[in-house]
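Heads up: the structure comes next, in structure tokens.
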Amino acid sequence: MTLQNIHHGRKHSPPRLLIYGVEGVGKSTTAADAPAPIFIPTEDGLDQIDCASFPLAKNLVDVETALNSLIHEQHNFETVVIDSSDWLERLVWDALCEQYGVASIEKVDGGYARGYTHALTHWRRILANLDTLRNQRGMCVILLAHAKVEKFEDPEHAAYDRYSPRLHKHVTALLTEWADAVLFATRKIITKTESGGFGRDRTIASGLGRDGGERILRTVGSPACVAKNRYSLPAELPLSWSALMQAMTQAPASSEPLRLVGQGETQ
């Protein structure tokens, strides 16, 4: 390592995205619109989407074999999509349970949450392979995940509920740090309060439309959801690949600190 190795200026590398959201919001459809995508499915749900995909991964070896094929074999794919990360987590747990001869991740290596720590070793290897595809093959990387509601213990405020990826907290932290953008896919619902009679108010949703509401991506963390981005994106975008790419290419370089996961932290 010498001074000749120093890089100046911005690097225009393909993005690493974690897109999570509620069931049926359109995560897989959005990823299928990325350039020349190849899906590595860990759950059965691509039947109605026109895309290229490996056979359904039934164990961790299947996933790693697919990644190695993309790394070492000739192909024209430009985007790799893992659908979904939370089902991949189950495959990681299954591999650990088989390795230690136990029936539950809670019992791996004697328990005491050691299984969740060991799982990070597998995740780091997966991320290393994804980085190889990004850096050596020039591929965009998309991880999809379902959403869950978790209670966040804010040290400065009362605890509140928020959306986060349906993953163990250690894995969420790892993927959030690794990804260039963590995006929450949801429906925009407008509520209003009106009188319900007998001195009571009621809250109703309006502006839902036939599909249940406008589908959007939230790109900045807030008390409502875990999110971040390194592209100076608007806080809210339409849920579509074209809208996301347009915002990424038009976003100016920014020296502002990165806003993370709704905790007021910076990176």
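Just remember, in the structure tokens the first chain shown is A, the second B, etc., residues are 1-based per chain, and ligands are 1-based in the order shown.
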Could you give me, as a PDB file with C-alpha atoms, in the first residue's frame, the residues within 12 Å of Ala66 (chain A), counting only C-alpha atoms and dropping anything in the same chain fewer than 3 positions from it?
```pdb
ATOM      1  CA  ILE A  38     -31.124 -12.569 -11.845  1.00  0.00           C
ATOM      2  CA  PHE A  39     -33.044 -13.662  -8.744  1.00  0.00           C
ATOM      3  CA  ILE A  40     -31.767 -16.053  -6.078  1.00  0.00           C
ATOM      4  CA  PRO A  41     -35.102 -17.058  -4.516  1.00  0.00           C
ATOM      5  CA  THR A  42     -35.179 -18.325  -0.954  1.00  0.00           C
ATOM      6  CA  SER A  53     -34.074 -16.871 -11.492  1.00  0.00           C
ATOM      7  CA  PHE A  54     -32.154 -19.782 -10.058  1.00  0.00           C
ATOM      8  CA  PRO A  55     -34.176 -22.729  -8.699  1.00  0.00           C
ATOM      9  CA  LEU A  56     -35.647 -22.172  -5.246  1.00  0.00           C
ATOM     10  CA  ALA A  57     -32.804 -22.345  -2.700  1.00  0.00           C
ATOM     11  CA  LYS A  58     -33.648 -25.001  -0.139  1.00  0.00           C
ATOM     12  CA  ASN A  59     -30.475 -24.641   1.915  1.00  0.00           C
ATOM     13  CA  LEU A  60     -27.534 -22.297   2.405  1.00  0.00           C
ATOM     14  CA  VAL A  61     -25.351 -24.302   0.014  1.00  0.00           C
ATOM     15  CA  ASP A  62     -27.816 -23.572  -2.813  1.00  0.00           C
ATOM     16  CA  VAL A  63     -27.458 -19.834  -2.213  1.00  0.00           C
ATOM     17  CA  SER A  69     -21.784 -19.354 -10.396  1.00  0.00           C
ATOM     18  CA  LEU A  70     -22.373 -15.646 -10.953  1.00  0.00           C
ATOM     19  CA  ILE A  71     -18.823 -14.861  -9.814  1.00  0.00           C
ATOM     20  CA  HIS A  72     -16.974 -17.435 -11.924  1.00  0.00           C
ATOM     21  CA  GLU A  73     -19.167 -18.175 -14.973  1.00  0.00           C
ATOM     22  CA  VAL A  80     -28.382  -9.883  -8.468  1.00  0.00           C
ATOM     23  CA  VAL A  81     -31.482 -10.043  -6.253  1.00  0.00           C
ATOM     24  CA  ILE A  82     -31.843 -12.142  -3.101  1.00  0.00           C
ATOM     25  CA  ILE A 126     -22.489 -13.885   1.735  1.00  0.00           C
ATOM     26  CA  ASN A 129     -19.518 -12.665  -2.354  1.00  0.00           C
ATOM     27  CA  LEU A 130     -22.036  -9.933  -3.161  1.00  0.00           C
ATOM     28  CA  LEU A 133     -20.109  -9.373  -7.837  1.00  0.00           C
TER      29      LEU A 133
END
```
Do you know which residues are at most 10 Å from region 21-30 of chain A counting only C-alpha atoms, after dropping those on the same chain fewer than 5 positions away, and could you put them as a count of residues only? 39
List as a Markdown table every residue of region 36-103 of chain A that is in contact with region 170-180 of chain A, defined as an atom at most 10 Å from one of its atoms (using only C-alpha atoms), together with the nearest atom pair and the distance in Å rounded to one decimal, sorted by chain and then rising number.
```
| residue | atom | partner | partner_atom | distance |
| --- | --- | --- | --- | --- |
| A:Ser85 | CA | A:Val171 | CA | 9.8 |
| A:Asp86 | CA | A:Val171 | CA | 9.7 |
| A:Glu89 | CA | A:Val171 | CA | 8.6 |
```
Determine which residues of region 12-50 of chain A DSSP labels as strand (DSSP E) from the backbone of this structure, then write them out as a ChimeraX atom specification. /A:16-21,37-41
If you run DSSP on the backbone here, which positions in region 9-247 of chain A get helix (DSSP H, G or I)? Please write them as a PyMOL selection string. chain A and resi 27-32+60-72+85-100+105-110+114-137+169-178+241-247
Rounded to one decimal in Å, what is the spacing between CA of Asn135 (chain A) and CA of Ala181 (chain A)?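 These two atoms are separated by 16.9 Å.
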Can you pull out the residues contacting Leu96 (chain A)? Cut-off 9 Å, using only C-alpha atoms, and skip same-chain residues under 4 positions away; I want them as a list in words.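 The neighbour list is Leu91, Val92, Tyr100, Gly101, Val102, Ser104, Ile105, Val108, Gly115, His118 and Ala119 of chain A.
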Selection to disk with N, CA, C and O atoms, as a PDB file, in the first residue's frame:
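Heads up, here's the output in part32.pdb:
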```pdb
ATOM      1  N   LEU A  91     -32.342 -20.166   6.377  1.00  0.00           N
ATOM      2  CA  LEU A  91     -31.406 -21.146   5.827  1.00  0.00           C
ATOM      3  C   LEU A  91     -30.076 -21.114   6.580  1.00  0.00           C
ATOM      4  O   LEU A  91     -29.448 -22.159   6.788  1.00  0.00           O
ATOM      5  N   VAL A  92     -29.647 -19.919   6.978  1.00  0.00           N
ATOM      6  CA  VAL A  92     -28.436 -19.795   7.800  1.00  0.00           C
ATOM      7  C   VAL A  92     -28.634 -20.508   9.129  1.00  0.00           C
ATOM      8  O   VAL A  92     -27.771 -21.266   9.594  1.00  0.00           O
ATOM      9  N   TYR A 100     -24.386 -28.128  14.495  1.00  0.00           N
ATOM     10  CA  TYR A 100     -24.259 -28.389  15.927  1.00  0.00           C
ATOM     11  C   TYR A 100     -25.192 -29.493  16.413  1.00  0.00           C
ATOM     12  O   TYR A 100     -25.191 -29.810  17.614  1.00  0.00           O
ATOM     13  N   GLY A 101     -25.982 -30.065  15.514  1.00  0.00           N
ATOM     14  CA  GLY A 101     -26.855 -31.166  15.892  1.00  0.00           C
ATOM     15  C   GLY A 101     -27.934 -30.782  16.873  1.00  0.00           C
ATOM     16  O   GLY A 101     -28.247 -31.541  17.798  1.00  0.00           O
ATOM     17  N   VAL A 102     -28.529 -29.610  16.669  1.00  0.00           N
ATOM     18  CA  VAL A 102     -29.601 -29.147  17.564  1.00  0.00           C
ATOM     19  C   VAL A 102     -30.828 -28.807  16.726  1.00  0.00           C
ATOM     20  O   VAL A 102     -30.767 -28.693  15.495  1.00  0.00           O
ATOM     21  N   SER A 104     -32.849 -26.019  17.313  1.00  0.00           N
ATOM     22  CA  SER A 104     -33.212 -24.601  17.355  1.00  0.00           C
ATOM     23  C   SER A 104     -31.958 -23.741  17.373  1.00  0.00           C
ATOM     24  O   SER A 104     -30.935 -24.119  17.960  1.00  0.00           O
ATOM     25  N   ILE A 105     -32.028 -22.574  16.723  1.00  0.00           N
ATOM     26  CA  ILE A 105     -30.908 -21.630  16.733  1.00  0.00           C
ATOM     27  C   ILE A 105     -30.588 -21.203  18.159  1.00  0.00           C
ATOM     28  O   ILE A 105     -29.450 -20.866  18.478  1.00  0.00           O
ATOM     29  N   VAL A 108     -27.828 -23.536  19.636  1.00  0.00           N
ATOM     30  CA  VAL A 108     -26.546 -23.689  18.949  1.00  0.00           C
ATOM     31  C   VAL A 108     -25.390 -23.342  19.892  1.00  0.00           C
ATOM     32  O   VAL A 108     -25.434 -22.323  20.594  1.00  0.00           O
ATOM     33  N   GLY A 115     -25.807 -18.766  18.845  1.00  0.00           N
ATOM     34  CA  GLY A 115     -26.216 -19.079  17.481  1.00  0.00           C
ATOM     35  C   GLY A 115     -26.341 -17.832  16.622  1.00  0.00           C
ATOM     36  O   GLY A 115     -25.927 -17.827  15.453  1.00  0.00           O
ATOM     37  N   HIS A 118     -22.847 -16.705  15.726  1.00  0.00           N
ATOM     38  CA  HIS A 118     -22.260 -17.552  14.688  1.00  0.00           C
ATOM     39  C   HIS A 118     -22.895 -17.270  13.328  1.00  0.00           C
ATOM     40  O   HIS A 118     -22.218 -17.400  12.288  1.00  0.00           O
ATOM     41  N   ALA A 119     -24.168 -16.905  13.315  1.00  0.00           N
ATOM     42  CA  ALA A 119     -24.843 -16.627  12.047  1.00  0.00           C
ATOM     43  C   ALA A 119     -24.183 -15.478  11.299  1.00  0.00           C
ATOM     44  O   ALA A 119     -24.158 -15.446  10.061  1.00  0.00           O
TER      45      ALA A 119
END
```
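Using only C-alpha atoms for every distance, the candidate list A:Val220, A:Ala52, A:Ala36, A:Ala128 yields A:Val220 as the residue closest to Glu236 (chain A).
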Quick one: residues within 10 Å of Asn229 (chain A), only C-alpha atoms, excluding same-chain residues fewer than 3 positions away - as a list of chain:residue names? A:Leu17, A:Thr176, A:Ala179, A:Asp180, A:Ala181, A:Val182, A:Leu183, A:Arg218, A:Thr219, A:Val220, A:Gly221, A:Ser232, A:Leu233, A:Pro234, A:Ala235, A:Met248, A:Leu258, A:Arg259, A:Leu260, A:Val261
I need the chosen residues saved as a short mmCIF file (atom, residue, chain, number, x, y, z; two decimals), in the first residue's frame, with all heavy atoms.
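Saved result, out_6.cif, follows:
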```cif
data_model
loop_
_atom_site.label_atom_id
_atom_site.label_comp_id
_atom_site.auth_asym_id
_atom_site.auth_seq_id
_atom_site.Cartn_x
_atom_site.Cartn_y
_atom_site.Cartn_z
N LEU A 17 -28.46 -2.28 -2.30
CA LEU A 17 -29.74 -1.84 -1.76
C LEU A 17 -30.38 -2.92 -0.92
O LEU A 17 -30.39 -4.09 -1.29
CB LEU A 17 -30.70 -1.45 -2.90
CG LEU A 17 -30.18 -0.47 -3.95
CD1 LEU A 17 -31.22 -0.28 -5.03
CD2 LEU A 17 -29.80 0.86 -3.31
N THR A 176 -27.55 -2.96 7.50
CA THR A 176 -27.75 -1.52 7.46
C THR A 176 -26.42 -0.80 7.28
O THR A 176 -26.32 0.18 6.53
CB THR A 176 -28.44 -1.03 8.75
OG1 THR A 176 -29.73 -1.65 8.85
CG2 THR A 176 -28.61 0.48 8.74
N ALA A 179 -25.13 -1.76 3.43
CA ALA A 179 -25.88 -1.28 2.27
C ALA A 179 -25.66 0.21 2.03
O ALA A 179 -25.45 0.99 2.95
CB ALA A 179 -27.37 -1.55 2.47
N ASP A 180 -25.72 0.60 0.75
CA ASP A 180 -25.67 2.02 0.40
C ASP A 180 -27.01 2.70 0.65
O ASP A 180 -27.06 3.91 0.85
CB ASP A 180 -25.29 2.19 -1.07
CG ASP A 180 -23.91 1.62 -1.37
OD1 ASP A 180 -22.97 1.93 -0.61
OD2 ASP A 180 -23.77 0.87 -2.35
N ALA A 181 -28.07 1.92 0.62
CA ALA A 181 -29.39 2.47 0.92
C ALA A 181 -30.27 1.38 1.51
O ALA A 181 -30.28 0.25 1.03
CB ALA A 181 -30.06 3.05 -0.34
N VAL A 182 -30.97 1.72 2.58
CA VAL A 182 -31.98 0.86 3.18
C VAL A 182 -33.31 1.58 2.96
O VAL A 182 -33.51 2.69 3.47
CB VAL A 182 -31.72 0.64 4.68
CG1 VAL A 182 -32.84 -0.22 5.29
CG2 VAL A 182 -30.37 -0.01 4.90
N LEU A 183 -34.20 0.96 2.20
CA LEU A 183 -35.40 1.62 1.73
C LEU A 183 -36.64 0.88 2.21
O LEU A 183 -36.73 -0.35 2.06
CB LEU A 183 -35.40 1.69 0.20
CG LEU A 183 -34.12 2.28 -0.42
CD1 LEU A 183 -34.15 2.11 -1.94
CD2 LEU A 183 -33.95 3.74 -0.04
N ARG A 218 -39.60 5.01 1.40
CA ARG A 218 -39.06 5.97 2.36
C ARG A 218 -37.55 5.74 2.44
O ARG A 218 -37.10 4.61 2.65
CB ARG A 218 -39.73 5.81 3.72
CG ARG A 218 -41.23 6.07 3.69
CD ARG A 218 -41.82 6.34 5.05
NE ARG A 218 -43.26 6.47 5.02
CZ ARG A 218 -43.92 7.57 4.67
NH1 ARG A 218 -43.22 8.66 4.34
NH2 ARG A 218 -45.23 7.61 4.67
N THR A 219 -36.79 6.80 2.27
CA THR A 219 -35.34 6.68 2.11
C THR A 219 -34.55 7.23 3.30
O THR A 219 -33.33 7.09 3.33
CB THR A 219 -34.88 7.43 0.85
OG1 THR A 219 -34.99 8.86 1.06
CG2 THR A 219 -35.72 7.05 -0.36
N VAL A 220 -35.23 7.85 4.23
CA VAL A 220 -34.58 8.48 5.38
C VAL A 220 -35.20 7.94 6.66
O VAL A 220 -36.43 7.84 6.76
CB VAL A 220 -34.70 10.02 5.33
CG1 VAL A 220 -34.06 10.66 6.56
CG2 VAL A 220 -34.05 10.57 4.07
N GLY A 221 -34.38 7.59 7.63
CA GLY A 221 -34.89 7.06 8.88
C GLY A 221 -35.74 8.06 9.64
O GLY A 221 -35.53 9.27 9.58
N SER A 232 -28.15 11.26 -0.99
CA SER A 232 -28.88 12.52 -0.82
C SER A 232 -30.24 12.46 -1.50
O SER A 232 -30.68 13.40 -2.17
CB SER A 232 -28.06 13.69 -1.39
OG SER A 232 -26.82 13.82 -0.76
N LEU A 233 -30.93 11.33 -1.33
CA LEU A 233 -32.24 11.15 -1.95
C LEU A 233 -33.31 11.94 -1.21
O LEU A 233 -33.18 12.21 -0.02
CB LEU A 233 -32.62 9.67 -1.94
CG LEU A 233 -31.73 8.71 -2.73
CD1 LEU A 233 -32.19 7.27 -2.51
CD2 LEU A 233 -31.73 9.05 -4.21
N PRO A 234 -34.40 12.28 -1.90
CA PRO A 234 -35.56 12.83 -1.19
C PRO A 234 -36.05 11.83 -0.16
O PRO A 234 -35.86 10.62 -0.30
CB PRO A 234 -36.58 13.05 -2.30
CG PRO A 234 -35.81 13.07 -3.57
CD PRO A 234 -34.61 12.20 -3.36
N ALA A 235 -36.69 12.32 0.87
CA ALA A 235 -37.16 11.43 1.94
C ALA A 235 -38.20 10.44 1.47
O ALA A 235 -38.38 9.39 2.07
CB ALA A 235 -37.71 12.26 3.10
N MET A 248 -31.38 8.98 -7.87
CA MET A 248 -29.99 8.72 -7.56
C MET A 248 -29.05 9.46 -8.51
O MET A 248 -28.01 9.98 -8.11
CB MET A 248 -29.71 7.22 -7.59
CG MET A 248 -30.30 6.47 -6.42
SD MET A 248 -30.06 4.67 -6.53
CE MET A 248 -28.28 4.57 -6.57
N LEU A 258 -24.79 11.35 7.18
CA LEU A 258 -25.80 10.37 6.82
C LEU A 258 -26.76 10.15 7.96
O LEU A 258 -26.36 9.96 9.10
CB LEU A 258 -25.11 9.05 6.47
CG LEU A 258 -26.00 7.86 6.15
CD1 LEU A 258 -26.73 8.13 4.85
CD2 LEU A 258 -25.15 6.61 6.02
N ARG A 259 -28.04 10.15 7.67
CA ARG A 259 -29.05 9.94 8.69
C ARG A 259 -29.44 8.48 8.71
O ARG A 259 -29.83 7.92 7.69
CB ARG A 259 -30.28 10.80 8.42
CG ARG A 259 -31.29 10.75 9.56
CD ARG A 259 -32.43 11.70 9.31
NE ARG A 259 -33.42 11.62 10.36
CZ ARG A 259 -34.58 12.27 10.31
NH1 ARG A 259 -34.87 13.04 9.30
NH2 ARG A 259 -35.44 12.16 11.30
N LEU A 260 -29.34 7.87 9.85
CA LEU A 260 -29.55 6.43 9.99
C LEU A 260 -30.82 6.09 10.75
O LEU A 260 -31.17 6.76 11.70
CB LEU A 260 -28.38 5.78 10.75
CG LEU A 260 -27.05 5.62 10.02
CD1 LEU A 260 -26.06 5.02 10.99
CD2 LEU A 260 -27.21 4.71 8.82
N VAL A 261 -31.50 5.09 10.33
CA VAL A 261 -32.49 4.25 11.04
C VAL A 261 -33.35 4.96 12.07
O VAL A 261 -33.78 4.35 13.02
CB VAL A 261 -31.80 3.05 11.70
CG1 VAL A 261 -31.09 2.24 10.66
CG2 VAL A 261 -30.82 3.42 12.79
#
```
